[in-house]
file coords-v8.cif (mmCIF, C-alpha atoms)
data_my_file
#
loop_
_atom_site.label_atom_id
_atom_site.label_comp_id
_atom_site.auth_asym_id
_atom_site.auth_seq_id
_atom_site.Cartn_x
_atom_site.Cartn_y
_atom_site.Cartn_z
CA MET A 1 19.31 32.98 14.39
CA LYS A 2 19.27 29.38 15.61
CA LYS A 3 15.49 29.26 15.20
CA LYS A 4 15.83 30.61 11.69
CA ILE A 5 18.43 27.95 10.79
CA LEU A 6 16.16 25.26 12.29
CA SER A 7 13.20 26.55 10.29
CA ILE A 8 15.20 26.56 7.06
CA ALA A 9 16.47 23.04 7.73
CA LEU A 10 12.99 21.75 8.49
CA ALA A 11 11.57 23.45 5.42
CA ALA A 12 14.31 21.95 3.28
CA THR A 13 13.87 18.41 4.55
CA LEU A 14 10.08 18.58 4.33
CA SER A 15 10.33 20.06 0.85
CA VAL A 16 12.56 17.20 -0.26
CA SER A 17 10.03 14.77 1.19
CA ALA A 18 7.15 16.51 -0.56
CA VAL A 19 9.01 16.64 -3.86
CA ALA A 20 9.89 12.95 -3.66
CA THR A 21 6.34 12.00 -2.79
CA GLY A 22 4.92 14.28 -5.43
CA THR A 23 7.28 12.91 -8.07
CA ILE A 24 6.36 9.33 -7.25
CA SER A 25 2.65 10.14 -7.23
CA ALA A 26 2.97 11.92 -10.54
CA ALA A 27 4.70 8.90 -11.99
CA ALA A 28 1.73 6.79 -10.99
CA ASP A 29 -1.00 9.22 -11.98
CA ASP A 30 0.31 11.15 -14.95
CA ASP A 31 2.61 9.01 -17.07
CA GLY A 32 0.11 6.22 -17.54
CA SER A 33 2.48 3.50 -16.40
CA GLY A 34 0.19 2.42 -13.60
CA ALA A 35 3.29 1.65 -11.58
CA VAL A 36 2.12 2.35 -8.02
CA PRO A 37 0.46 -0.07 -7.42
CA GLY A 38 -1.36 -1.22 -10.56
CA GLY A 39 -3.17 1.13 -12.90
CA TYR A 40 -4.40 1.75 -16.40
CA GLY A 41 -2.49 0.33 -19.31
CA VAL A 42 -2.16 3.34 -21.56
CA ALA A 43 1.10 2.57 -23.35
CA GLY A 44 -0.70 2.61 -26.68
CA GLU A 45 -1.40 0.49 -29.72
CA TYR A 46 1.28 -1.60 -31.36
CA THR A 47 3.08 -0.40 -34.46
CA PRO A 48 5.96 -2.54 -35.80
CA SER A 49 9.32 -0.82 -35.31
CA ASP A 50 10.52 -2.01 -38.73
CA GLU A 51 8.60 -2.44 -41.97
CA LYS A 52 10.25 -5.83 -42.44
CA ILE A 53 8.53 -7.26 -39.35
CA VAL A 54 5.91 -9.81 -40.40
CA THR A 55 2.74 -9.83 -38.30
CA GLN A 56 -0.43 -11.85 -37.94
CA HIS A 57 -3.84 -10.40 -37.14
CA LEU A 58 -4.85 -11.93 -33.80
CA MET A 59 -8.36 -11.31 -32.48
CA PHE A 60 -9.77 -11.56 -28.98
CA ALA A 61 -13.36 -11.82 -27.79
CA MET A 62 -13.33 -10.08 -24.40
CA PRO A 63 -15.94 -11.45 -21.96
CA GLY A 64 -18.45 -9.04 -20.50
CA ALA A 65 -17.31 -10.16 -17.05
CA TRP A 66 -13.97 -8.50 -17.74
CA GLN A 67 -15.66 -5.11 -18.22
CA THR A 68 -15.91 -3.06 -15.03
CA ASP A 69 -16.23 0.59 -14.09
CA LEU A 70 -12.44 0.77 -14.13
CA THR A 71 -12.09 -0.66 -17.63
CA LYS A 72 -14.75 1.75 -18.87
CA ASP A 73 -12.77 4.71 -17.52
CA PRO A 74 -11.49 6.95 -20.38
CA LYS A 75 -7.92 6.19 -19.27
CA CYS A 76 -8.49 2.59 -20.25
CA GLY A 77 -11.37 2.90 -22.66
CA GLY A 78 -12.77 -0.57 -22.07
CA ALA A 79 -10.01 -2.00 -24.25
CA ALA A 80 -8.43 -5.40 -24.35
CA GLY A 81 -4.68 -5.63 -23.93
CA ILE A 82 -2.05 -8.08 -25.13
CA TYR A 83 1.36 -8.92 -23.75
CA TRP A 84 4.02 -11.11 -25.32
CA TRP A 85 7.18 -12.51 -23.84
CA SER A 86 9.80 -12.48 -26.53
CA GLY A 87 10.39 -11.53 -30.14
CA PHE A 88 10.24 -8.14 -31.80
CA ASP A 89 8.87 -5.11 -29.97
CA THR A 90 8.02 -6.77 -26.67
CA PRO A 91 6.08 -4.33 -24.46
CA ASP A 92 8.92 -4.28 -21.94
CA ALA A 93 11.52 -3.44 -24.55
CA LYS A 94 9.46 -0.66 -26.06
CA PHE A 95 7.97 0.95 -22.96
CA GLY A 96 10.10 -0.22 -20.05
CA HIS A 97 6.87 -0.87 -18.17
CA GLY A 98 5.64 -3.95 -19.98
CA TRP A 99 2.42 -5.09 -18.35
CA PRO A 100 -0.40 -5.14 -19.43
CA GLY A 101 1.17 -4.73 -22.87
CA TYR A 102 -0.29 -3.08 -25.94
CA LYS A 103 -3.80 -1.77 -26.33
CA ALA A 104 -5.87 -3.74 -28.84
CA LYS A 105 -8.03 -2.05 -31.49
CA GLN A 106 -11.74 -2.64 -31.48
CA VAL A 107 -12.91 -4.51 -34.58
CA GLN A 108 -15.58 -2.52 -36.36
CA GLU A 109 -18.30 -5.05 -37.16
CA GLU A 110 -22.00 -4.31 -36.97
CA GLY A 111 -23.65 -6.01 -34.01
CA VAL A 112 -20.34 -7.13 -32.51
CA GLU A 113 -19.21 -5.13 -29.49
CA ASN A 114 -16.49 -7.15 -27.80
CA LEU A 115 -14.07 -8.10 -30.56
CA TRP A 116 -10.53 -6.70 -30.38
CA ALA A 117 -7.47 -7.22 -32.55
CA VAL A 118 -3.70 -6.66 -32.66
CA ASP A 119 -1.17 -7.39 -35.40
CA VAL A 120 1.52 -9.43 -33.63
CA PRO A 121 4.93 -10.63 -34.92
CA THR A 122 4.20 -14.29 -34.24
CA TYR A 123 5.87 -16.14 -37.12
CA TRP A 124 8.19 -15.87 -40.14
CA ASN A 125 10.49 -13.47 -38.30
CA GLY A 126 13.09 -16.03 -37.25
CA ASP A 127 13.26 -17.55 -33.78
CA ALA A 128 14.57 -14.37 -32.15
CA GLY A 129 11.81 -12.23 -33.66
CA ASN A 130 8.74 -14.35 -32.99
CA ALA A 131 6.32 -13.56 -30.18
CA THR A 132 6.13 -17.15 -28.99
CA MET A 133 3.68 -16.79 -26.10
CA ILE A 134 0.92 -14.23 -25.65
CA ILE A 135 -1.41 -13.22 -22.83
CA TRP A 136 -4.71 -11.39 -23.36
CA ASN A 137 -6.01 -9.12 -20.60
CA ASN A 138 -8.49 -6.31 -19.96
CA TYR A 139 -5.81 -3.62 -20.10
CA LEU A 140 -5.53 -3.12 -16.36
CA ASP A 141 -2.31 -3.59 -14.42
CA GLY A 142 -3.41 -5.35 -11.27
CA GLY A 143 0.00 -5.46 -9.61
CA THR A 144 0.45 -7.73 -6.61
CA GLU A 145 -1.03 -5.54 -3.85
CA THR A 146 -4.31 -7.28 -2.94
CA ASP A 147 -5.68 -4.71 -0.48
CA PRO A 148 -8.58 -3.03 -2.35
CA VAL A 149 -8.03 0.21 -0.44
CA LYS A 150 -4.40 0.43 -1.51
CA ASN A 151 -4.96 -1.00 -4.97
CA PRO A 152 -8.41 -0.84 -6.62
CA PHE A 153 -7.00 -2.40 -9.79
CA TYR A 154 -6.10 -5.83 -8.43
CA LYS A 155 -9.63 -7.22 -8.25
CA ASP A 156 -10.77 -5.86 -11.62
CA SER A 157 -7.70 -6.85 -13.64
CA MET A 158 -8.26 -10.03 -15.69
CA GLN A 159 -5.96 -12.09 -17.85
CA THR A 160 -5.61 -15.36 -19.70
CA ARG A 161 -2.85 -17.78 -19.01
CA ASP A 162 0.02 -17.94 -21.49
CA PHE A 163 -0.84 -19.29 -24.95
CA SER A 164 1.06 -20.01 -28.10
CA GLY A 165 0.99 -17.05 -30.45
CA GLN A 166 2.35 -18.92 -33.46
CA TYR A 167 0.67 -22.02 -34.85
CA TYR A 168 -0.62 -25.54 -34.23
CA SER A 169 0.75 -28.69 -35.84
CA LYS A 170 -0.22 -32.35 -35.61
CA ASP A 171 2.55 -32.83 -33.04
CA ASP A 172 0.79 -30.49 -30.62
CA ASP A 173 -1.71 -33.24 -29.76
CA HIS A 174 -4.42 -30.62 -29.50
CA ASP A 175 -7.80 -32.08 -28.53
CA PHE A 176 -9.80 -29.59 -30.59
CA TYR A 177 -7.74 -29.81 -33.73
CA ASP A 178 -6.54 -33.41 -33.87
CA LYS A 179 -9.54 -34.38 -36.02
CA LEU A 180 -8.92 -31.39 -38.29
CA PHE A 181 -5.30 -32.43 -38.85
CA ARG A 182 -6.34 -35.99 -39.63
CA TYR A 183 -8.77 -34.67 -42.21
CA VAL A 184 -6.12 -32.38 -43.71
CA TYR A 185 -3.56 -35.17 -44.05
CA LYS A 186 -6.01 -37.60 -45.59
CA THR A 187 -7.36 -35.14 -48.17
CA GLN A 188 -3.92 -33.79 -49.08
CA LEU A 189 -2.48 -37.28 -49.52
CA LEU A 190 -5.43 -38.20 -51.75
CA LYS A 191 -4.70 -35.12 -53.86
CA ALA A 192 -1.02 -36.18 -53.97
CA GLY A 193 -2.00 -39.54 -55.43
CA VAL A 194 -1.91 -41.79 -52.34
CA ASP A 195 -5.14 -43.62 -53.15
CA ASP A 196 -4.77 -46.18 -50.35
CA VAL A 197 -5.75 -43.58 -47.73
CA GLU A 198 -9.30 -43.32 -49.08
CA GLY A 199 -10.50 -46.24 -46.97
CA ILE A 200 -8.95 -44.88 -43.76
CA ASP A 201 -11.41 -43.36 -41.29
CA ILE A 202 -10.16 -40.20 -39.55
CA GLU A 203 -11.79 -41.50 -36.36
CA ASP A 204 -9.55 -44.59 -36.27
CA GLU A 205 -7.35 -44.83 -33.18
CA ASP A 206 -4.45 -46.03 -35.33
CA PHE A 207 -5.07 -43.38 -38.00
CA TRP A 208 -1.50 -42.06 -38.04
CA GLU A 209 0.04 -45.51 -38.35
CA LYS A 210 -2.30 -46.44 -41.21
CA ILE A 211 -1.74 -43.23 -43.11
CA ASN A 212 2.05 -43.42 -42.78
CA LYS A 213 2.02 -47.03 -43.97
CA ALA A 214 0.05 -45.97 -47.06
CA ALA A 215 2.49 -43.12 -47.68
CA ALA A 216 5.47 -45.50 -47.32
CA ASP A 217 3.96 -47.84 -49.93
CA PHE A 218 3.46 -44.87 -52.24
CA LEU A 219 7.15 -43.96 -51.81
CA GLU A 220 8.13 -47.63 -52.28
CA GLU A 221 9.68 -47.70 -48.82
CA ASP A 222 9.69 -50.79 -46.59
CA TYR A 223 7.67 -49.39 -43.69
CA GLU A 224 8.63 -52.14 -41.22
CA SER A 225 12.35 -51.59 -41.74
CA LEU A 226 12.16 -47.86 -40.99
CA SER A 227 13.10 -46.37 -37.62
CA ALA A 228 10.32 -45.30 -35.30
CA ASP A 229 10.97 -41.64 -36.16
CA ASP A 230 10.97 -42.29 -39.89
CA LYS A 231 7.74 -44.28 -39.66
CA SER A 232 6.00 -41.19 -38.28
CA LEU A 233 7.28 -39.02 -41.15
CA CYS A 234 6.20 -40.96 -44.23
CA ALA A 235 3.10 -38.84 -44.84
CA ASP A 236 5.17 -35.68 -44.44
CA TRP A 237 7.76 -36.93 -46.95
CA VAL A 238 5.01 -37.25 -49.53
CA LEU A 239 3.56 -33.83 -48.76
CA ASP A 240 7.01 -32.19 -48.83
CA GLU A 241 6.97 -32.64 -52.59
CA ALA A 242 3.23 -32.24 -53.17
CA GLU A 243 1.38 -29.17 -54.38
CA LEU A 244 -0.89 -28.52 -51.43
CA ASP A 245 -4.43 -27.32 -52.04
CA PHE A 246 -6.38 -25.83 -49.13
CA SER A 247 -8.97 -24.01 -51.24
CA GLU A 248 -11.88 -25.75 -49.48
CA PHE A 249 -10.96 -23.79 -46.36
CA GLY A 250 -12.12 -20.53 -47.94
CA ASP A 251 -10.78 -17.39 -46.30
CA TYR A 252 -8.54 -19.51 -44.07
CA ALA A 253 -6.81 -21.38 -46.93
CA SER A 254 -3.69 -19.24 -46.54
CA ASN A 255 -3.42 -20.12 -42.83
CA PHE A 256 -2.36 -23.67 -43.70
CA TRP A 257 1.17 -24.49 -44.79
CA ASN A 258 3.84 -27.16 -44.79
CA SER A 259 6.68 -26.13 -42.51
CA ASP A 260 9.27 -28.09 -44.50
CA LEU A 261 8.65 -26.37 -47.81
CA ASP A 262 10.72 -23.33 -48.69
CA ASN A 263 8.63 -20.32 -49.51
CA GLU A 264 10.02 -17.41 -51.51
CA GLU A 265 8.33 -14.85 -49.31
CA HIS A 266 8.95 -16.63 -45.99
CA PRO A 267 11.83 -19.15 -46.11
CA ALA A 268 11.33 -22.14 -43.83
CA GLU A 269 13.04 -21.45 -40.51
CA ASP A 270 13.84 -24.95 -39.34
CA ALA A 271 14.78 -28.27 -40.85
CA ALA A 272 12.68 -29.98 -38.18
CA CYS A 273 9.58 -31.59 -39.59
CA PHE A 274 6.38 -30.32 -38.08
CA GLY A 275 4.36 -31.39 -41.11
CA ILE A 276 1.27 -29.40 -42.01
CA CYS A 277 0.52 -26.54 -39.64
CA PHE A 278 -1.91 -23.66 -39.41
CA ASN A 279 -1.26 -20.22 -37.96
CA PHE A 280 -3.72 -18.01 -36.09
CA ASP A 281 -4.01 -15.14 -38.58
CA ASN A 282 -7.56 -13.70 -38.37
CA MET A 283 -8.58 -16.30 -35.80
CA VAL A 284 -10.26 -15.36 -32.53
CA PHE A 285 -9.30 -16.23 -28.97
CA VAL A 286 -12.30 -17.05 -26.77
CA VAL A 287 -12.08 -17.34 -22.97
CA ASN A 288 -13.14 -20.53 -21.21
CA PHE A 289 -15.02 -20.10 -17.91
CA ASP A 290 -14.32 -23.67 -16.76
CA PRO A 291 -12.93 -23.34 -13.19
CA ASP A 292 -11.00 -26.60 -13.60
CA LYS A 293 -8.98 -25.00 -16.40
CA MET A 294 -8.10 -21.82 -14.52
CA VAL A 295 -4.60 -21.43 -13.09
CA GLU A 296 -3.04 -19.20 -10.47
CA SER A 297 -0.04 -17.00 -11.13
CA PRO A 298 2.77 -17.98 -8.72
CA THR A 299 3.74 -14.32 -8.29
CA SER A 300 0.65 -12.11 -8.48
CA HIS A 301 -1.72 -14.93 -7.39
CA LYS A 302 -4.19 -13.68 -9.97
CA ILE A 303 -6.48 -16.27 -11.49
CA SER A 304 -5.61 -16.73 -15.16
CA PHE A 305 -8.35 -17.90 -17.51
CA ASP A 306 -8.13 -20.73 -20.00
CA GLY A 307 -9.34 -20.50 -23.60
CA ASP A 308 -8.40 -21.22 -27.18
CA VAL A 309 -8.24 -19.89 -30.71
CA TYR A 310 -11.08 -20.58 -33.15
CA PHE A 311 -11.85 -19.92 -36.78
CA TYR A 312 -14.15 -16.90 -36.96
CA TYR A 313 -17.20 -16.86 -39.24
CA GLY A 314 -18.51 -13.37 -38.44
CA GLY A 315 -21.39 -12.15 -36.31
CA GLY A 316 -19.74 -13.52 -33.19
CA GLU A 317 -19.85 -17.13 -34.47
CA TYR A 318 -16.76 -19.32 -34.26
CA GLY A 319 -15.76 -22.97 -34.58
CA THR A 320 -12.91 -25.47 -34.83
CA TRP A 321 -13.08 -25.90 -38.62
CA PRO A 322 -12.03 -23.27 -41.17
CA THR A 323 -15.53 -22.81 -42.67
CA LYS A 324 -18.92 -22.81 -41.05
CA GLU A 325 -20.17 -25.47 -43.50
CA LEU A 326 -17.29 -27.82 -42.65
CA ASN A 327 -17.73 -27.15 -38.95
CA THR A 328 -21.38 -28.22 -39.15
CA ARG A 329 -20.65 -31.27 -41.32
CA MET A 330 -17.77 -32.45 -39.14
CA CYS A 331 -19.61 -31.72 -35.85
CA GLY A 332 -16.95 -29.28 -34.68
CA VAL A 333 -16.94 -27.19 -31.53
CA THR A 334 -19.06 -24.10 -32.12
CA GLY A 335 -20.15 -21.01 -30.23
CA ASN A 336 -21.03 -17.32 -30.33
CA PHE A 337 -19.18 -14.83 -28.15
CA MET A 338 -22.06 -12.38 -28.43
CA SER A 339 -24.25 -14.78 -26.41
CA ASP A 340 -25.66 -13.65 -23.08
CA GLU A 341 -23.52 -16.23 -21.28
CA TYR A 342 -20.37 -14.62 -22.64
CA TRP A 343 -20.93 -10.99 -23.49
CA LYS A 344 -23.44 -10.19 -20.71
CA SER A 345 -21.66 -12.26 -18.10
CA THR A 346 -20.49 -10.82 -14.79
CA MET A 347 -17.93 -12.15 -12.35
CA ASP A 348 -20.85 -13.27 -10.16
CA ASP A 349 -21.74 -15.73 -12.92
CA ILE A 350 -18.26 -17.27 -12.97
CA GLU A 351 -17.00 -19.83 -10.50
CA ILE A 352 -13.50 -18.92 -9.40
CA PRO A 353 -11.61 -21.80 -7.74
CA THR A 354 -10.41 -21.07 -4.23
CA SER A 355 -7.26 -23.09 -4.81
CA ALA A 356 -6.34 -22.99 -8.47
CA GLU A 357 -3.41 -24.85 -9.90
CA THR A 358 -0.19 -22.84 -9.91
CA THR A 359 1.77 -23.41 -13.07
CA ALA A 360 5.53 -23.40 -13.48
CA PRO A 361 7.17 -22.19 -16.70
CA PRO A 362 7.17 -24.88 -19.41
CA ALA A 363 10.68 -25.91 -20.37
CA SER A 364 10.02 -25.87 -24.10
CA VAL A 365 9.29 -22.16 -24.43
CA PRO A 366 11.30 -19.03 -23.56
CA GLN A 367 11.06 -17.69 -20.04
CA PRO A 368 9.06 -14.47 -19.75
CA ALA A 369 11.35 -11.47 -19.95
CA SER A 370 9.66 -9.47 -17.24
CA ASP A 371 5.98 -10.20 -16.80
CA ALA A 372 5.40 -11.46 -13.30
CA ASN A 373 1.67 -11.30 -13.95
CA SER A 374 2.11 -14.12 -16.45
CA SER A 375 0.54 -17.32 -15.19
CA THR A 376 3.63 -19.33 -16.11
CA SER A 377 6.36 -16.95 -15.08
CA ASP A 378 8.25 -17.18 -11.81
CA SER A 379 9.71 -14.48 -9.64
CA ALA A 380 13.29 -15.57 -10.28
CA ASN A 381 12.99 -14.42 -13.87
CA ASN A 382 11.61 -10.99 -13.16
CA GLY A 383 13.55 -7.84 -12.44
CA GLY A 384 12.41 -4.63 -10.80
CA ASN A 385 11.29 -3.23 -14.15
CA ASN A 386 8.33 -5.52 -14.53
CA SER A 387 4.78 -4.48 -13.95
CA ASN A 388 4.32 -6.52 -10.82
CA GLY A 389 7.77 -6.42 -9.29
CA ALA A 390 8.89 -4.29 -6.38
CA ILE A 391 9.02 -1.03 -8.30
CA ALA A 392 5.81 -1.61 -10.18
CA THR A 393 3.79 -2.29 -7.04
CA GLY A 394 5.04 0.77 -5.21
CA GLN A 395 7.25 -1.02 -2.69
CA ALA A 396 10.35 0.84 -3.83
CA SER A 397 8.40 4.09 -3.83
CA LEU A 398 7.41 3.54 -0.21
CA ILE A 399 11.04 2.82 0.66
CA VAL A 400 12.09 6.13 -0.89
CA ILE A 401 9.39 8.01 1.01
CA ALA A 402 10.35 6.31 4.28
CA PHE A 403 14.00 7.17 3.68
CA VAL A 404 13.23 10.83 3.05
CA VAL A 405 10.97 11.00 6.13
CA LEU A 406 13.77 9.43 8.17
CA ILE A 407 16.19 12.12 6.97
CA ALA A 408 13.65 14.78 7.91
CA GLY A 409 13.27 13.25 11.37
CA LEU A 410 17.02 13.11 11.89
CA GLY A 411 17.25 16.75 10.82
CA ILE A 412 14.68 17.78 13.40
CA PHE A 413 16.38 15.69 16.09
CA PHE A 414 19.84 17.07 15.26
CA PHE A 415 18.85 20.74 15.35
CA SER A 416 16.62 20.28 18.42
CA ARG A 417 19.43 18.53 20.28
CA LYS A 418 21.90 21.27 19.40
CA LYS A 419 19.44 23.87 20.69
CA VAL A 420 18.97 22.07 24.03
CA GLN A 421 22.72 21.67 24.54
CA LYS A 422 23.32 25.36 23.92
#
call {"tool": "encode", "arguments": {"input": "coords-v8.cif", "output": "structure tokens"}}
result
Amino acid sequence: MKKKILSIALAATLSVSAVATGTISAAADDDGSGAVPGGYGVAGEYTPSDEKIVTQHLMFAMPGAWQTDLTKDPKCGGAAGIYWWSGFDTPDAKFGHGWPGYKAKQVQEEGVENLWAVDVPTYWNGDAGNATMIIWNNYLDGGTETDPVKNPFYKDSMQTRDFSGQYYSKDDDHDFYDKLFRYVYKTQLLKAGVDDVEGIDIEDEDFWEKINKAAADFLEEDYESLSADDKSLCADWVLDEAELDFSEFGDYASNFWNSDLDNEEHPAEDAACFGICFNFDNMVFVVNFDPDKMVESPTSHKISFDGDVYFYYGGGEYGTWPTKELNTRMCGVTGNFMSDEYWKSTMDDIEIPTSAETTAPPASVPQPASDANSSTSDSANNGGNNSNGAIATGQASLIVIAFVVLIAGLGIFFFSRKKVQK
């Protein structure tokens, strides 16, 4: 009888252990969350939860080096993924398991194989609804477990660092687009009737001072008596009342806007003057392989790639000006993401720094809600629900298994001890 009781007890404890282990394994293998540790991002493509959500069509040119046997697995499908911190329908809010975010759709263009796109709520939704910062990745959850035996996904998972998902303005001091903004201001002020700007060269170091002085004269303001802040806004004051014309920018004309002007469809969100801006609708993000621009995540220690958004001309060609003709005439940055260096690249072709810079979260943008894989997030802001936290990397699962095994061991010891004493 005692042996029978011992057998039943052992069977029960071992069954509990097996069930717990099986449940945890199933969670990792079957539900697509990739939670233990790392895995395929199969949460699905993004669909706005409300028809009133305004989105922009963001595109991503995924490097060939980010394609591996794992990304080509049917569970992943070779797709690009996108994660955003805040705003409507964040991956965490919608799926609970946020990283690596939503699956991008492949753009169907003849001869172009590595272009992906997602419609993202990046602007015109109000501050609480905008996806302020985005991260592109190769749709693998690498987790934080670096042992390739325990986690085959860590090495193959790739990601960019955090980037603005919204827009650029002249105040961003962006190296690529500073010349573009100078050109925009000069041409728009000419169209508004500020003839004095015609003799101003957009290459001038004191361009902004000259152009604001000309705008102040046009407004019959005494430039020298203005405050420093007001001096920098004279050109914007003129353009606030002007009828802006961006037709020379072709398909990208609608990307440009004046943030101070009310718009019937999208009312201006802030009174703050950002001047003329452009959003990233139908623009393409291209990865930069420069090792000096790569950063290390402080939590996952993954290398995050640099890059930027460009105007897309088709056929893999891109540049820093809205049309190909303007890009050539203005000697803009140009490239083709279907080139061998980009599309046929492998990780062996890319220099990965052994000690990359580790970035802290910038103070001017929201903290990431849960993505510890983000290159600018820190562990203090991440709960157990994130993709690279304790639960996501299987640490909690191992604790549960160890606990159950301990109970089983105690059961064996208890019944064995009782038998000996009898």
call {"tool": "atom_distance", "arguments": {"input": "coords-v8.cif", "atom1": "atom CA of A:Leu190", "atom2": "atom CA of A:Pro322"}}
result
19.5 Å
call {"tool": "resolve_selection", "arguments": {"input": "coords-v8.cif", "expression": "the PyMOL selection byres ((chain A and resi 346) around 8)", "output": "number ranges by chain"}}
result
A: 64-66, 344-345, 347-350
call {"tool": "resolve_selection", "arguments": {"input": "coords-v8.cif", "expression": "the PyMOL selection byres ((chain A and resi 171-183) around 7)", "output": "list in words"}}
result
Tyr168, Ser169, Lys170, Val184, Tyr185, Lys186, Thr187, Ile202, Phe274, Thr320 and Trp321 of chain A
call {"tool": "write_last_selection", "arguments": {"input": "coords-v8.cif", "atoms": "C-alpha atoms", "output": "mmCIF file, keeping the file's coordinate frame"}}
result
data_model
loop_
_atom_site.group_PDB
_atom_site.id
_atom_site.type_symbol
_atom_site.label_atom_id
_atom_site.label_comp_id
_atom_site.auth_asym_id
_atom_site.auth_seq_id
_atom_site.Cartn_x
_atom_site.Cartn_y
_atom_site.Cartn_z
ATOM 1 C CA TYR A 168 -0.620 -25.540 -34.230
ATOM 2 C CA SER A 169 0.750 -28.690 -35.840
ATOM 3 C CA LYS A 170 -0.220 -32.350 -35.610
ATOM 4 C CA VAL A 184 -6.120 -32.380 -43.710
ATOM 5 C CA TYR A 185 -3.560 -35.170 -44.050
ATOM 6 C CA LYS A 186 -6.010 -37.600 -45.590
ATOM 7 C CA THR A 187 -7.360 -35.140 -48.170
ATOM 8 C CA ILE A 202 -10.160 -40.200 -39.550
ATOM 9 C CA PHE A 274 6.380 -30.320 -38.080
ATOM 10 C CA THR A 320 -12.910 -25.470 -34.830
ATOM 11 C CA TRP A 321 -13.080 -25.900 -38.620
#
call {"tool": "atom_distance", "arguments": {"input": "coords-v8.cif", "atom1": "atom CA of A:Glu243", "atom2": "atom CA of A:Ile276"}}
result
12.4 Å
call {"tool": "atom_distance", "arguments": {"input": "coords-v8.cif", "atom1": "atom CA of A:Val286", "atom2": "atom CA of A:Asp308"}}
result
5.7 Å
call {"tool": "closest_residue", "arguments": {"input": "coords-v8.cif", "among": "A:Cys277, A:Ala242, A:Ile135, A:Met283", "to": "A:Tyr313", "atoms": "all atoms listed in the file"}}
result
A:Met283
call {"tool": "residues_around", "arguments": {"input": "coords-v8.cif", "residues": "A:Ala235", "least_positions_apart": "6", "cutoff": "12 Å", "atoms": "all atoms listed in the file", "output": "PyMOL selection string"}}
result
chain A and resi 170+182+184-190+192-194+197+207-219+221+223+241-242+258+273-276
call {"tool": "residues_around", "arguments": {"input": "coords-v8.cif", "residues": "A:Ile82", "least_positions_apart": "2", "cutoff": "7 Å", "atoms": "only C-alpha atoms", "output": "PDB file with C-alpha atoms, keeping the file's coordinate frame"}}
result
ATOM      1  CA  ALA A  80      -8.430  -5.400 -24.350  1.00  0.00           C
ATOM      2  CA  TRP A  84       4.020 -11.110 -25.320  1.00  0.00           C
ATOM      3  CA  PRO A 100      -0.400  -5.140 -19.430  1.00  0.00           C
ATOM      4  CA  GLY A 101       1.170  -4.730 -22.870  1.00  0.00           C
ATOM      5  CA  TYR A 102      -0.290  -3.080 -25.940  1.00  0.00           C
ATOM      6  CA  LYS A 103      -3.800  -1.770 -26.330  1.00  0.00           C
ATOM      7  CA  ALA A 104      -5.870  -3.740 -28.840  1.00  0.00           C
ATOM      8  CA  ILE A 134       0.920 -14.230 -25.650  1.00  0.00           C
ATOM      9  CA  ILE A 135      -1.410 -13.220 -22.830  1.00  0.00           C
ATOM     10  CA  TRP A 136      -4.710 -11.390 -23.360  1.00  0.00           C
ATOM     11  CA  ASN A 137      -6.010  -9.120 -20.600  1.00  0.00           C
TER      12      ASN A 137
END
call {"tool": "residues_near_point", "arguments": {"input": "coords-v8.cif", "point": "(-4.7, -11.8, -15.5)", "cutoff": "6 Å", "atoms": "all atoms listed in the file", "output": "list in words"}}
result
Asn137, Met158, Gln159, Thr160, Lys302 and Ser304 of chain A
call {"tool": "residues_around", "arguments": {"input": "coords-v8.cif", "residues": "stretch 110-113 of chain A", "least_positions_apart": "6", "cutoff": "8 Å", "atoms": "only C-alpha atoms", "output": "PyMOL selection string"}}
result
chain A and resi 315-316+338
call {"tool": "closest_residue", "arguments": {"input": "coords-v8.cif", "among": "A:Ala61, A:Ala228, A:Ile53, A:Cys331", "to": "A:Ala131", "atoms": "only C-alpha atoms"}}
result
A:Ile53
call {"tool": "residues_around", "arguments": {"input": "coords-v8.cif", "residues": "A:Gly77", "least_positions_apart": "2", "cutoff": "10 Å", "atoms": "all atoms listed in the file", "output": "list in words"}}
result
Tyr40, Gly41, Val42, Leu70, Thr71, Lys72, Asp73, Pro74, Lys75, Ala79, Ala80, Lys103 and Tyr139 of chain A
call {"tool": "resolve_selection", "arguments": {"input": "coords-v8.cif", "expression": "the PyMOL selection byres ((chain A and resi 281) around 12)", "output": "PyMOL selection string"}}
result
chain A and resi 54-60+117-123+165-168+251-256+278-280+282-285+309-312+322
call {"tool": "closest_residue", "arguments": {"input": "coords-v8.cif", "among": "A:Glu325, A:Phe153, A:Trp85, A:Leu115", "to": "A:Gly250", "atoms": "all atoms listed in the file"}}
result
A:Glu325
